[in-house]
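Data first, discussion second: the structure below is written as structure tokens.
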Number of protein chains: 2
Amino acid sequence: MTTGAVAGTKTRHERRRRKNREALINAGYKIIAEKGIDAATMAEIAEAADVGAGTAYNHFASKDELVMVVMEQVMHRLAIRIKAATESFDDPAQVFAFGVLTTMQTATTDSRWRWLLRRSEVIADAMFRVLGPYAIHDLERAAKAKRFRFRDAALVYRMATHAIVGFCLTACDGETTPGDMNEAVVLLLGLAGMSRKEAEEICKRNWPKLPRD
Amino acid sequence: MTTGAVAGTKTRHERRRRKNREALINAGYKIIAEKGIDAATMAEIAEAADVGAGTAYNHFASKDELVMVVMEQVMHRLAIRIKAATESFDDPAQVFAFGVLTTMQTATTDSRWRWLLRRSEVIADAMFRVLGPYAIHDLERAAKAKRFRFRDAALVYRMATHAIVGFCLTACDGETTPGDMNEAVVLLLGLAGMSRKEAEEICKRNWPKLPRD
DNA sequence: TTCAGAAATGAACGTCAGTCAACATCGATT
DNA sequence: AATCGATGTTGACTGACGTTCATTTCTGAA
């Protein structure tokens, strides 16, 4: 049995295991971004991670689980950037708006996202789980300040994530004009119960630059 | 070459072809509703339709295409029922609200829908293409009557379809309370630019019964 | 009856997620 | 240092599934 094995990475076994796991996640992200979830094969991901074909299944129960973890990691990176950029905001409604806008911009600009969107339940779910805590917090603060109106912040954000993915899909297919993203943010603020007038006012403010990934 | 071959179904070839096509769609719906899109195999669908395994590919280029057609047929049936139930409404905003509510109720109640939701891009896309024309028409009428406020009805409905699917997914997973569906409709009316007060007023009205499928 | 084109058929193929028995590596114990 | 059990790794293998295609069957016209 182990003696200590404190948190973090102690033994060589643990180190190697963690290294392989991370290599698989990174390789998964790379391959999926290149060819899409369905076209990415486990064998290919394993090879890119420089591990045997069977190893992936010591870390993830299935391809779906690996995909899920990859998605969550992608969302996590985004969450950190958004958090850094909005730390100075006082208006919680603006934080929410910025988060939504940034998510849309990233998803439609970064070519690696295009494929991820094609499985919208997965990415919307990951978005809800990772960005949700922040977004729901902002929604509730804004509701307390009477800027939003709703019964349940989680429900609002659940619907918002799917609507965001829907917009991004449409935008990636080019069925959208440049101004539409601003409009989409206004609509989502409406979803949260804000009047169109206030929503438009928020969207006219200057947004800060998002830190590099 | 053919002599007449007017529209409709003339020759035996055409009759048989149409019959097989419809059998495939119905079988596809049945199997997909039973086990989900991924678990439904083409062989199984072909067998249920009482045709050879290869026949499906004389009618549909791929499994994806068959699935798409099945989805569209499902949405089409729903469209007809909604249209029949809302013909007497004067308020276009109420027609939209009823359409949204009915879609949600059907999707969460009818067990055959549960699996369809798991591929949300597909069903949201079918929803947009089939229900879209009606919904967008209602949205625009309501906007003219100053009940809604938005720039582009198609964009609103695009986001709405995804939000609807998102809600239904959450509801099917039981992470939702009974009253949430009404709240979801209110939120979606907010997405279309209606004030919360007006939206709540609409949702308090009595809804007609939906005709049987 | 004959024939050409349209449609149906099901065996065969390639691909891929997932499995497993053999093997390697490590930490602990003596 | 030698040994042992446990934890991880490996890659050949399997079964399942979407798709193809050479062959057969059906149909309407001549």
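Each chain in the structure tokens gets a letter, A, B, ..., in the order shown, and its residues are numbered from 1; ligands are numbered from 1 in order too.
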
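Using only C-alpha atoms (C1' of nucleotides), the contacts of DA12 of chain C at a cut-off of 10 Å, with sequence neighbours closer than 2 positions omitted, comprise DG10 of chain C; DT20 and DC21 of chain D.
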
*Polymer residues at most 10 Å from DC20 of chain C, only C-alpha atoms (C1' of nucleotides), same-chain spacing of 3 or more positions, as a PyMOL selection string*: (chain A and resi 54) or (chain D and resi 12-13)

Generate a file of the selected residues that holds C-alpha atoms (C1' of nucleotides), formatted as a PDB file, in the first residue's frame.
ATOM      1  CA  GLY A  54      -5.434   0.675 -25.680  1.00  0.00           C
TER       2      GLY A  54
ATOM      3  C1'  DA D  12      -3.136  -7.430 -32.229  1.00  0.00           C
ATOM      4  C1'  DC D  13      -7.779  -8.777 -32.328  1.00  0.00           C
TER       5       DC D  13
END

_Can you tell me which residues surround Asn206 of chain A at a distance of at most 12 Å, considering only C-alpha atoms (C1' of nucleotides), apart from same-chain residues fewer than 4 positions away, and format the answer as a ChimeraX atom specification?_
/A:89,94,97-98,201-202

*Identify which of the residues B:Val74, B:Ala53, B:Ala79, B:Ala124 lies closest to chain A, counting only C-alpha atoms when measuring atom-to-atom distances.*
B:Ala124

What are the closest atom pairs, with distances in Å to one decimal, for all residues of chain A lying within 8 Å of chain B? Consider only C-alpha atoms, order rows by chain and residue number, and present the result as JSON lines.
{"residue": "A:Arg118", "atom": "CA", "partner": "B:Glu121", "partner_atom": "CA", "distance": 6.9}
{"residue": "A:Arg119", "atom": "CA", "partner": "B:Glu121", "partner_atom": "CA", "distance": 6.8}
{"residue": "A:Ser120", "atom": "CA", "partner": "B:Glu121", "partner_atom": "CA", "distance": 5.8}
{"residue": "A:Glu121", "atom": "CA", "partner": "B:Ser120", "partner_atom": "CA", "distance": 5.8}
{"residue": "A:Arg149", "atom": "CA", "partner": "B:Arg196", "partner_atom": "CA", "distance": 7.5}
{"residue": "A:Phe150", "atom": "CA", "partner": "B:Leu187", "partner_atom": "CA", "distance": 7.6}
{"residue": "A:Arg151", "atom": "CA", "partner": "B:Glu183", "partner_atom": "CA", "distance": 7.2}
{"residue": "A:Leu155", "atom": "CA", "partner": "B:Ala184", "partner_atom": "CA", "distance": 7.7}
{"residue": "A:Val156", "atom": "CA", "partner": "B:Leu187", "partner_atom": "CA", "distance": 7.5}
{"residue": "A:Arg158", "atom": "CA", "partner": "B:Gly166", "partner_atom": "CA", "distance": 6.7}
{"residue": "A:Met159", "atom": "CA", "partner": "B:Ala163", "partner_atom": "CA", "distance": 4.5}
{"residue": "A:Ala160", "atom": "CA", "partner": "B:Ala163", "partner_atom": "CA", "distance": 6.5}
{"residue": "A:Thr161", "atom": "CA", "partner": "B:Ala163", "partner_atom": "CA", "distance": 7.7}
{"residue": "A:His162", "atom": "CA", "partner": "B:Ala163", "partner_atom": "CA", "distance": 5.1}
{"residue": "A:Ala163", "atom": "CA", "partner": "B:Met159", "partner_atom": "CA", "distance": 4.5}
{"residue": "A:Ile164", "atom": "CA", "partner": "B:Met159", "partner_atom": "CA", "distance": 7.1}
{"residue": "A:Val165", "atom": "CA", "partner": "B:His162", "partner_atom": "CA", "distance": 7.7}
{"residue": "A:Gly166", "atom": "CA", "partner": "B:His162", "partner_atom": "CA", "distance": 5.6}
{"residue": "A:Phe167", "atom": "CA", "partner": "B:Met159", "partner_atom": "CA", "distance": 6.0}
{"residue": "A:Glu183", "atom": "CA", "partner": "B:Arg151", "partner_atom": "CA", "distance": 7.2}
{"residue": "A:Ala184", "atom": "CA", "partner": "B:Leu155", "partner_atom": "CA", "distance": 7.7}
{"residue": "A:Leu187", "atom": "CA", "partner": "B:Leu191", "partner_atom": "CA", "distance": 5.0}
{"residue": "A:Leu188", "atom": "CA", "partner": "B:Leu191", "partner_atom": "CA", "distance": 6.1}
{"residue": "A:Leu189", "atom": "CA", "partner": "B:Leu191", "partner_atom": "CA", "distance": 7.5}
{"residue": "A:Gly190", "atom": "CA", "partner": "B:Leu191", "partner_atom": "CA", "distance": 4.8}
{"residue": "A:Leu191", "atom": "CA", "partner": "B:Leu191", "partner_atom": "CA", "distance": 4.2}
{"residue": "A:Ala192", "atom": "CA", "partner": "B:Leu187", "partner_atom": "CA", "distance": 6.8}
{"residue": "A:Gly193", "atom": "CA", "partner": "B:Gly190", "partner_atom": "CA", "distance": 5.9}
{"residue": "A:Met194", "atom": "CA", "partner": "B:Gly190", "partner_atom": "CA", "distance": 7.9}
{"residue": "A:Ser195", "atom": "CA", "partner": "B:Ser195", "partner_atom": "CA", "distance": 6.5}
{"residue": "A:Arg196", "atom": "CA", "partner": "B:Gly193", "partner_atom": "CA", "distance": 6.2}

Hey, could you make a per-residue contact list for chain D against chain A with 10 Å as the cut-off, showing the nearest pair of atoms and its distance in Å to one decimal, counting only C-alpha atoms (C1' of nucleotides), sorted by chain and number, as CSV?
residue,atom,partner,partner_atom,distance
D:DG5,C1',A:Met1,CA,10.0
D:DA6,C1',A:Met1,CA,8.9
D:DT7,C1',A:His13,CA,7.5
D:DG8,C1',A:Arg17,CA,7.6
D:DT9,C1',A:Thr55,CA,6.3
D:DT10,C1',A:Gly52,CA,5.5
D:DG11,C1',A:Ala53,CA,6.8

Keeping only N, CA and C atoms (P, O5', C5', C4', C3', O3' and C1' of nucleotides), write the selected residues to a file as a PDB file, in the first residue's frame.
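Once written, part.pdb looks like this:
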ATOM      1  P    DG D   5       3.209 -12.145  -4.817  1.00  0.00           P
ATOM      2  O5'  DG D   5       2.179 -10.916  -4.840  1.00  0.00           O
ATOM      3  C5'  DG D   5       2.124 -10.041  -3.694  1.00  0.00           C
ATOM      4  C4'  DG D   5       1.737  -8.657  -4.158  1.00  0.00           C
ATOM      5  C3'  DG D   5       0.508  -8.631  -5.092  1.00  0.00           C
ATOM      6  O3'  DG D   5      -0.319  -7.558  -4.669  1.00  0.00           O
ATOM      7  C1'  DG D   5       2.344  -7.529  -6.117  1.00  0.00           C
ATOM      8  P    DA D   6      -1.757  -7.394  -5.204  1.00  0.00           P
ATOM      9  O5'  DA D   6      -1.712  -5.886  -5.698  1.00  0.00           O
ATOM     10  C5'  DA D   6      -0.848  -4.957  -5.032  1.00  0.00           C
ATOM     11  C4'  DA D   6      -0.611  -3.753  -5.918  1.00  0.00           C
ATOM     12  C3'  DA D   6      -1.784  -3.420  -6.860  1.00  0.00           C
ATOM     13  O3'  DA D   6      -1.928  -2.019  -6.906  1.00  0.00           O
ATOM     14  C1'  DA D   6       0.163  -3.723  -8.126  1.00  0.00           C
ATOM     15  P    DT D   7      -3.271  -1.353  -7.376  1.00  0.00           P
ATOM     16  O5'  DT D   7      -2.745  -0.270  -8.422  1.00  0.00           O
ATOM     17  C5'  DT D   7      -1.494   0.379  -8.203  1.00  0.00           C
ATOM     18  C4'  DT D   7      -0.883   0.762  -9.536  1.00  0.00           C
ATOM     19  C3'  DT D   7      -1.897   1.223 -10.596  1.00  0.00           C
ATOM     20  O3'  DT D   7      -1.480   2.472 -11.092  1.00  0.00           O
ATOM     21  C1'  DT D   7      -0.406  -0.367 -11.503  1.00  0.00           C
ATOM     22  P    DG D   8      -2.451   3.360 -12.005  1.00  0.00           P
ATOM     23  O5'  DG D   8      -1.629   3.445 -13.362  1.00  0.00           O
ATOM     24  C5'  DG D   8      -0.845   2.343 -13.729  1.00  0.00           C
ATOM     25  C4'  DG D   8       0.046   2.666 -14.895  1.00  0.00           C
ATOM     26  C3'  DG D   8      -0.708   3.167 -16.140  1.00  0.00           C
ATOM     27  O3'  DG D   8       0.186   3.905 -16.949  1.00  0.00           O
ATOM     28  C1'  DG D   8       0.006   0.914 -16.442  1.00  0.00           C
ATOM     29  P    DT D   9      -0.292   4.377 -18.424  1.00  0.00           P
ATOM     30  O5'  DT D   9       0.314   3.232 -19.367  1.00  0.00           O
ATOM     31  C5'  DT D   9       1.712   2.974 -19.346  1.00  0.00           C
ATOM     32  C4'  DT D   9       2.057   1.949 -20.410  1.00  0.00           C
ATOM     33  C3'  DT D   9       1.474   2.237 -21.806  1.00  0.00           C
ATOM     34  O3'  DT D   9       2.544   2.185 -22.744  1.00  0.00           O
ATOM     35  C1'  DT D   9       0.980   0.016 -21.145  1.00  0.00           C
ATOM     36  P    DT D  10       2.293   2.721 -24.233  1.00  0.00           P
ATOM     37  O5'  DT D  10       2.133   1.375 -25.034  1.00  0.00           O
ATOM     38  C5'  DT D  10       3.108   0.338 -24.872  1.00  0.00           C
ATOM     39  C4'  DT D  10       2.613  -0.939 -25.510  1.00  0.00           C
ATOM     40  C3'  DT D  10       1.934  -0.744 -26.875  1.00  0.00           C
ATOM     41  O3'  DT D  10       2.740  -1.341 -27.875  1.00  0.00           O
ATOM     42  C1'  DT D  10       0.724  -2.266 -25.462  1.00  0.00           C
ATOM     43  P    DG D  11       2.793  -0.641 -29.334  1.00  0.00           P
ATOM     44  O5'  DG D  11       2.102  -1.761 -30.220  1.00  0.00           O
ATOM     45  C5'  DG D  11       2.419  -3.130 -30.006  1.00  0.00           C
ATOM     46  C4'  DG D  11       1.257  -3.999 -30.461  1.00  0.00           C
ATOM     47  C3'  DG D  11       0.554  -3.540 -31.751  1.00  0.00           C
ATOM     48  O3'  DG D  11       0.077  -4.685 -32.428  1.00  0.00           O
ATOM     49  C1'  DG D  11      -1.004  -3.639 -30.053  1.00  0.00           C
TER      50       DG D  11
END

*Choose the residue, out of A:Asp138, A:Asp91, A:Asp38, A:Asp110, that has the smallest atom-to-atom separation from chain C; count only C-alpha atoms (C1' of nucleotides).*
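Ranking A:Asp138, A:Asp91, A:Asp38, A:Asp110 by distance to chain C, first place goes to A:Asp38.
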
_Residues near DG18 of chain D, anyone? I mean within 12 Å using only C-alpha atoms (C1' of nucleotides), not counting same-chain ones fewer than 4 positions away, as a list of chain:residue names._
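Surrounding residues, per the criterion: B:Asp38, B:Ala40, B:Thr41, B:Met42, B:Ala43, B:Ala53, B:Gly54, B:Ala56, B:Tyr57, B:Ala61, B:Ser62, B:Lys63, B:Asp64, C:DC13, C:DG14, C:DT15, C:DC16.
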
*Residue hits in chain C, query chain A, radius 9 Å, only C-alpha atoms (C1' of nucleotides), as a PyMOL selection string*: chain C and resi 16-19+25-28

*asked:* What does the structure give for the distance between atom CA of Ile45 of chain A and atom CA of Leu24 of chain A, in Å to one decimal?
replied: 6.7 Å

_Residues near DC3 of chain C, cut-off 12 Å, only C-alpha atoms (C1' of nucleotides), skip fewer than 6 positions along chain, as a list of chain:residue names_ =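 The contact residues come out as D:DT27, D:DG28, D:DA29, D:DA30.
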
*Residue neighbourhood Leu139 of chain A, 7 Å, only C-alpha atoms (C1' of nucleotides), exclusion window fewer than 6 positions, as a PyMOL selection string*: chain A and resi 93+96+153

Put those residues in a file: C-alpha atoms, as an mmCIF file, in the first residue's frame.
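Result file follows (result_7.cif):
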data_model
loop_
_atom_site.group_PDB
_atom_site.id
_atom_site.type_symbol
_atom_site.label_atom_id
_atom_site.label_comp_id
_atom_site.auth_asym_id
_atom_site.auth_seq_id
_atom_site.Cartn_x
_atom_site.Cartn_y
_atom_site.Cartn_z
ATOM 1 C CA ALA A 93 -25.087 42.648 -16.578
ATOM 2 C CA PHE A 96 -22.677 38.595 -18.586
ATOM 3 C CA ALA A 153 -30.746 31.865 -13.399
#

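Between atom CA of Glu34 of chain B and atom CA of Arg112 of chain B lies a distance of 6.7 Å.
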
*From the DSSP assignment of the backbone, select every residue of segment 13-193 of chain B that is alpha helix (DSSP H), and format the answer as a ChimeraX atom specification.*
/B:13-35,42-48,56-59,63-86,92-109,111-117,120-144,153-172,180-191
